[in-house]
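Undergrad: What follows is a single structure, and I will ask about it in a moment.
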Amino acid sequence: MEFEPVAPVRAYQRVVEQIEEAVFSGRIKPGDRLPSERELMVQFDVGRSTVREALRVLQAAEMIRSRPGDPRGPEVLAASPAALHRSMHRLARADHLGLSELLQFRMVLDGSAHLLAAQLRTEDHLAELDAALEAMRAGVSKGFAEFSHADVAFHEAIARATGNPLLVISGEVVRGVVLELIEDKLEHADDRTALMRNWLTHHEEVLGAIRDSDGERASRLAKQALYDNYAEYVPEDQRHLLIPLLS
């Protein structure tokens, strides 16, 4: 039997892991204070530099707020959607992720969000979607900036209708990065108005499916539209990765 080499773990990483575990398990709650630096040094049996590095890592991750000289110790923060948003945005823009992976992920996310929204939407959610769709109709004549703003509002309303904040955040991040990578979709369109009208028709169909609580149809429409609009930007030898999501 052969074993693989293991990476050395620095002491500050062990400190971070223990504090994270205490927070995730609920033994330490948002608003609680960690012990002072001196007390942490004693409890972990490490030096001041190790404690400070661990606190720096935790603060960068927005798990704690540490003020120099505060005798009460660092404050434990509640989980932040903004922090998750930043982390996901960095990951989505990483060099090792290509458009095929991003588009595939967005198809999964949008399909699931549409499915849930159709089952869980309330009358208030439908009113939100109606308002966004009406703004899209007005945007066809006002220009793409207005149309695009309403389009984003429509998708955000669908995500909120799921009641799942992770779907809201993930959808925002991936939608934004995909649009950045293929922003010339309208720039090089022969007829921008026709393209906006086609997208408007699609959104009308989606809203109809959600209003009818037809989650499968709403999901299918979402994934098919993403494929139809953006698959051309994916290298031809990678498009097969998207096909299974259309069934």
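Labels used: A, B, ... for chains in the order of the structure tokens, numbers from 1 for residues in each chain, and numbers from 1 for ligands as shown.
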A:Trp199: which residues within 12 Å, counting only C-alpha atoms, same-chain residues fewer than 3 positions away excluded, as a ChimeraX atom specification?
TA: /A:133,136-137,139-140,144,147-148,150-151,154,186,192-196,202-206,221-222,225-226,228-229
Undergrad: Dump C-alpha atoms for the selected residues as a PDB file, in the first residue's frame?
TA:
```pdb
ATOM      1  CA  LEU A 133     -42.794  42.154 -18.292  1.00  0.00           C
ATOM      2  CA  MET A 136     -39.794  44.958 -21.037  1.00  0.00           C
ATOM      3  CA  ARG A 137     -42.588  45.770 -23.489  1.00  0.00           C
ATOM      4  CA  GLY A 139     -38.188  48.847 -23.324  1.00  0.00           C
ATOM      5  CA  VAL A 140     -38.542  47.521 -26.876  1.00  0.00           C
ATOM      6  CA  PHE A 144     -31.851  47.969 -25.055  1.00  0.00           C
ATOM      7  CA  PHE A 147     -35.153  46.495 -21.922  1.00  0.00           C
ATOM      8  CA  SER A 148     -32.157  44.791 -20.307  1.00  0.00           C
ATOM      9  CA  ALA A 150     -36.432  45.028 -17.005  1.00  0.00           C
ATOM     10  CA  ASP A 151     -35.171  41.629 -18.165  1.00  0.00           C
ATOM     11  CA  PHE A 154     -37.892  39.619 -14.359  1.00  0.00           C
ATOM     12  CA  LEU A 186     -26.960  42.674 -29.412  1.00  0.00           C
ATOM     13  CA  ARG A 192     -32.071  44.646 -32.349  1.00  0.00           C
ATOM     14  CA  THR A 193     -35.785  45.358 -32.149  1.00  0.00           C
ATOM     15  CA  ALA A 194     -36.629  41.949 -33.609  1.00  0.00           C
ATOM     16  CA  LEU A 195     -34.279  40.269 -31.146  1.00  0.00           C
ATOM     17  CA  MET A 196     -35.870  42.078 -28.210  1.00  0.00           C
ATOM     18  CA  HIS A 202     -40.162  33.987 -24.591  1.00  0.00           C
ATOM     19  CA  HIS A 203     -40.689  35.799 -21.280  1.00  0.00           C
ATOM     20  CA  GLU A 204     -44.445  35.964 -21.918  1.00  0.00           C
ATOM     21  CA  GLU A 205     -44.459  32.190 -22.378  1.00  0.00           C
ATOM     22  CA  VAL A 206     -42.438  31.707 -19.192  1.00  0.00           C
ATOM     23  CA  LEU A 221     -38.468  27.099 -21.691  1.00  0.00           C
ATOM     24  CA  ALA A 222     -35.702  28.636 -19.566  1.00  0.00           C
ATOM     25  CA  ALA A 225     -33.813  29.802 -24.445  1.00  0.00           C
ATOM     26  CA  LEU A 226     -30.346  29.858 -22.873  1.00  0.00           C
ATOM     27  CA  ASP A 228     -30.695  28.897 -28.321  1.00  0.00           C
ATOM     28  CA  ASN A 229     -29.243  32.299 -27.460  1.00  0.00           C
TER      29      ASN A 229
END
```
Undergrad: When DSSP works through the backbone of this structure, what residues of stretch 16-99 of chain A end up as helix (DSSP H, G or I), shown as JSON, numbers by chain?
TA: {"A": [16, 17, 18, 19, 20, 21, 22, 23, 24, 25, 37, 38, 39, 40, 41, 42, 43, 44, 48, 49, 50, 51, 52, 53, 54, 55, 56, 57, 58, 59, 60, 81, 82, 83, 84, 85, 86, 87, 88, 89, 90, 91, 92, 99]}
Undergrad: Between A:Ala113, A:Leu120, A:Ala131, A:Val46, which is the closest to A:Lys223 once you count only C-alpha atoms?
TA: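 Answer, going by the shortest atom-to-atom distance: A:Ala113.
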Undergrad: Would you work out the distance separating atom CA of A:Val178 from atom CA of A:Arg239, expressed in Å to one decimal?
TA: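 These atoms are spaced 15.4 Å apart.
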Undergrad: Near A:Tyr230, counting only C-alpha atoms, which residues have an atom at most 10 Å away, once you skip same-chain residues fewer than 4 positions from it, shown as a VMD selection string?
TA: chain A and resid 99 to 100 103 178 to 179 182 185 225 to 226 234
Undergrad: Can you spit out the residues from that selection as a compact mmCIF listing (two decimals), in the first residue's frame, using N, CA, C and O atoms?
TA:
```txt
# COMPACT_ATOMS: atom_id res chain seq x y z
N LEU A 99 -16.77 29.07 -20.83
CA LEU A 99 -18.16 29.45 -21.05
C LEU A 99 -19.08 28.24 -21.02
O LEU A 99 -20.22 28.33 -20.59
N SER A 100 -18.58 27.08 -21.45
CA SER A 100 -19.45 25.89 -21.45
C SER A 100 -19.86 25.53 -20.02
O SER A 100 -21.03 25.22 -19.76
N LEU A 103 -22.30 28.34 -18.74
CA LEU A 103 -23.62 28.25 -19.35
C LEU A 103 -24.36 27.01 -18.85
O LEU A 103 -25.57 27.06 -18.58
N VAL A 178 -21.89 35.54 -17.48
CA VAL A 178 -22.20 35.06 -18.83
C VAL A 178 -22.46 36.23 -19.77
O VAL A 178 -21.97 36.28 -20.90
N LEU A 179 -23.21 37.22 -19.29
CA LEU A 179 -23.50 38.39 -20.13
C LEU A 179 -22.24 39.18 -20.46
O LEU A 179 -22.10 39.71 -21.55
N ILE A 182 -20.42 37.46 -23.32
CA ILE A 182 -21.08 37.42 -24.63
C ILE A 182 -21.86 38.71 -24.87
O ILE A 182 -22.93 38.69 -25.46
N LYS A 185 -23.89 40.10 -28.14
CA LYS A 185 -25.08 39.46 -28.72
C LYS A 185 -25.94 40.50 -29.43
O LYS A 185 -26.38 40.28 -30.56
N ALA A 225 -34.14 28.43 -24.03
CA ALA A 225 -33.81 29.80 -24.44
C ALA A 225 -32.33 30.10 -24.23
O ALA A 225 -31.69 30.75 -25.07
N LEU A 226 -31.77 29.65 -23.12
CA LEU A 226 -30.35 29.86 -22.87
C LEU A 226 -29.50 29.16 -23.94
O LEU A 226 -28.53 29.72 -24.45
N VAL A 234 -20.22 28.89 -27.36
CA VAL A 234 -19.48 27.78 -26.78
C VAL A 234 -18.75 27.04 -27.90
O VAL A 234 -19.33 26.82 -28.97
```
Undergrad: Would you compute the distance between atom CA of A:His125 and atom CA of A:Gly171? Give it in Å to one decimal.
TA: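 A separation of 17.2 Å between them.
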Undergrad: How many Å separate atom CA of A:Pro68 from atom CA of A:Ala22?
TA: 22.8 Å
Undergrad: Compile the contact shell of stretch 155-160 of chain A as a PDB file with all heavy atoms, in the first residue's frame: residues with an atom at most 8 Å away, counting only C-alpha atoms, same-chain residues fewer than 5 positions apart removed.
TA:
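Now in selection_1.pdb:
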```pdb
ATOM      1  N   ALA A 113     -34.786  27.191 -10.798  1.00  0.00           N
ATOM      2  CA  ALA A 113     -35.495  28.359 -10.266  1.00  0.00           C
ATOM      3  C   ALA A 113     -36.882  28.481 -10.890  1.00  0.00           C
ATOM      4  O   ALA A 113     -37.863  28.764 -10.187  1.00  0.00           O
ATOM      5  CB  ALA A 113     -34.677  29.620 -10.521  1.00  0.00           C
ATOM      6  N   HIS A 114     -36.973  28.282 -12.188  1.00  0.00           N
ATOM      7  CA  HIS A 114     -38.270  28.370 -12.860  1.00  0.00           C
ATOM      8  C   HIS A 114     -39.218  27.274 -12.367  1.00  0.00           C
ATOM      9  O   HIS A 114     -40.415  27.509 -12.189  1.00  0.00           O
ATOM     10  CB  HIS A 114     -38.095  28.269 -14.375  1.00  0.00           C
ATOM     11  CG  HIS A 114     -37.591  29.527 -15.014  1.00  0.00           C
ATOM     12  ND1 HIS A 114     -36.374  30.087 -14.715  1.00  0.00           N
ATOM     13  CD2 HIS A 114     -38.141  30.333 -15.962  1.00  0.00           C
ATOM     14  CE1 HIS A 114     -36.197  31.180 -15.431  1.00  0.00           C
ATOM     15  NE2 HIS A 114     -37.257  31.355 -16.186  1.00  0.00           N
ATOM     16  N   ALA A 117     -40.286  28.286  -8.839  1.00  0.00           N
ATOM     17  CA  ALA A 117     -41.119  29.496  -8.859  1.00  0.00           C
ATOM     18  C   ALA A 117     -42.546  29.169  -9.293  1.00  0.00           C
ATOM     19  O   ALA A 117     -43.516  29.727  -8.757  1.00  0.00           O
ATOM     20  CB  ALA A 117     -40.511  30.538  -9.788  1.00  0.00           C
ATOM     21  N   HIS A 125     -45.778  37.696  -6.147  1.00  0.00           N
ATOM     22  CA  HIS A 125     -44.716  37.367  -7.105  1.00  0.00           C
ATOM     23  C   HIS A 125     -45.205  37.551  -8.537  1.00  0.00           C
ATOM     24  O   HIS A 125     -44.479  38.072  -9.394  1.00  0.00           O
ATOM     25  CB  HIS A 125     -44.239  35.921  -6.904  1.00  0.00           C
ATOM     26  CG  HIS A 125     -43.529  35.686  -5.607  1.00  0.00           C
ATOM     27  ND1 HIS A 125     -43.809  34.615  -4.794  1.00  0.00           N
ATOM     28  CD2 HIS A 125     -42.555  36.402  -4.985  1.00  0.00           C
ATOM     29  CE1 HIS A 125     -43.030  34.668  -3.725  1.00  0.00           C
ATOM     30  NE2 HIS A 125     -42.259  35.738  -3.820  1.00  0.00           N
ATOM     31  N   GLU A 128     -45.185  41.122  -9.444  1.00  0.00           N
ATOM     32  CA  GLU A 128     -43.817  41.564  -9.731  1.00  0.00           C
ATOM     33  C   GLU A 128     -43.417  41.195 -11.154  1.00  0.00           C
ATOM     34  O   GLU A 128     -42.831  41.997 -11.891  1.00  0.00           O
ATOM     35  CB  GLU A 128     -42.841  40.899  -8.753  1.00  0.00           C
ATOM     36  CG  GLU A 128     -42.342  41.766  -7.639  1.00  0.00           C
ATOM     37  CD  GLU A 128     -41.157  41.131  -6.943  1.00  0.00           C
ATOM     38  OE1 GLU A 128     -41.340  40.101  -6.277  1.00  0.00           O
ATOM     39  OE2 GLU A 128     -40.038  41.667  -7.079  1.00  0.00           O
ATOM     40  N   LEU A 129     -43.725  39.975 -11.531  1.00  0.00           N
ATOM     41  CA  LEU A 129     -43.374  39.498 -12.872  1.00  0.00           C
ATOM     42  C   LEU A 129     -44.167  40.248 -13.936  1.00  0.00           C
ATOM     43  O   LEU A 129     -43.629  40.578 -15.002  1.00  0.00           O
ATOM     44  CB  LEU A 129     -43.623  37.991 -12.966  1.00  0.00           C
ATOM     45  CG  LEU A 129     -42.661  37.117 -12.165  1.00  0.00           C
ATOM     46  CD1 LEU A 129     -43.170  35.691 -12.061  1.00  0.00           C
ATOM     47  CD2 LEU A 129     -41.277  37.128 -12.815  1.00  0.00           C
ATOM     48  N   PRO A 165     -32.494  32.079  -0.939  1.00  0.00           N
ATOM     49  CA  PRO A 165     -31.512  33.143  -1.187  1.00  0.00           C
ATOM     50  C   PRO A 165     -30.280  32.666  -1.935  1.00  0.00           C
ATOM     51  O   PRO A 165     -29.635  33.452  -2.641  1.00  0.00           O
ATOM     52  CB  PRO A 165     -31.147  33.631   0.228  1.00  0.00           C
ATOM     53  CG  PRO A 165     -31.526  32.509   1.137  1.00  0.00           C
ATOM     54  CD  PRO A 165     -32.709  31.852   0.502  1.00  0.00           C
ATOM     55  N   LEU A 167     -30.260  30.588  -4.461  1.00  0.00           N
ATOM     56  CA  LEU A 167     -30.600  30.650  -5.885  1.00  0.00           C
ATOM     57  C   LEU A 167     -30.573  32.092  -6.378  1.00  0.00           C
ATOM     58  O   LEU A 167     -30.169  32.355  -7.512  1.00  0.00           O
ATOM     59  CB  LEU A 167     -31.973  30.032  -6.134  1.00  0.00           C
ATOM     60  CG  LEU A 167     -32.043  28.503  -6.149  1.00  0.00           C
ATOM     61  CD1 LEU A 167     -33.482  28.036  -6.265  1.00  0.00           C
ATOM     62  CD2 LEU A 167     -31.211  27.935  -7.291  1.00  0.00           C
ATOM     63  N   VAL A 168     -31.000  33.018  -5.525  1.00  0.00           N
ATOM     64  CA  VAL A 168     -30.975  34.435  -5.902  1.00  0.00           C
ATOM     65  C   VAL A 168     -29.544  34.887  -6.152  1.00  0.00           C
ATOM     66  O   VAL A 168     -29.225  35.474  -7.189  1.00  0.00           O
ATOM     67  CB  VAL A 168     -31.622  35.305  -4.798  1.00  0.00           C
ATOM     68  CG1 VAL A 168     -31.471  36.784  -5.138  1.00  0.00           C
ATOM     69  CG2 VAL A 168     -33.096  34.947  -4.632  1.00  0.00           C
ATOM     70  N   GLY A 171     -27.794  32.986  -9.117  1.00  0.00           N
ATOM     71  CA  GLY A 171     -28.323  33.445 -10.398  1.00  0.00           C
ATOM     72  C   GLY A 171     -27.771  34.794 -10.803  1.00  0.00           C
ATOM     73  O   GLY A 171     -27.403  35.004 -11.958  1.00  0.00           O
ATOM     74  N   GLU A 172     -27.682  35.714  -9.841  1.00  0.00           N
ATOM     75  CA  GLU A 172     -27.135  37.043 -10.137  1.00  0.00           C
ATOM     76  C   GLU A 172     -25.703  36.946 -10.648  1.00  0.00           C
ATOM     77  O   GLU A 172     -25.329  37.581 -11.637  1.00  0.00           O
ATOM     78  CB  GLU A 172     -27.162  37.909  -8.872  1.00  0.00           C
ATOM     79  CG  GLU A 172     -28.534  38.377  -8.452  1.00  0.00           C
ATOM     80  CD  GLU A 172     -28.487  39.135  -7.142  1.00  0.00           C
ATOM     81  OE1 GLU A 172     -27.380  39.272  -6.578  1.00  0.00           O
ATOM     82  OE2 GLU A 172     -29.546  39.586  -6.680  1.00  0.00           O
TER      83      GLU A 172
END
```
Undergrad: Just want the 12 Å neighbourhood of A:Pro71, counted on only C-alpha atoms, with same-chain residues fewer than 4 positions away dropped. Output as a PyMOL selection string.
TA: chain A and resi 33-39+66-67+75
Undergrad: Considering only C-alpha atoms, can you say which of A:Ala132, A:Gly31, A:Ala79, A:Tyr12 comes closest to A:Leu55?
TA: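 Under the stated criterion, the closest residue is A:Tyr12.
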Undergrad: Using only C-alpha atoms, pick whichever of A:Ala54, A:Ile243, A:Val76, A:Met107 has the shortest atom-to-atom distance to A:Arg175.
TA: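 Ranked by minimum distance to A:Arg175, first place goes to A:Met107.
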Undergrad: In stretch 29-92 of chain A, what's strand (DSSP E) per DSSP? Answer as a PyMOL selection string?
TA: chain A and resi 64-65+75-76
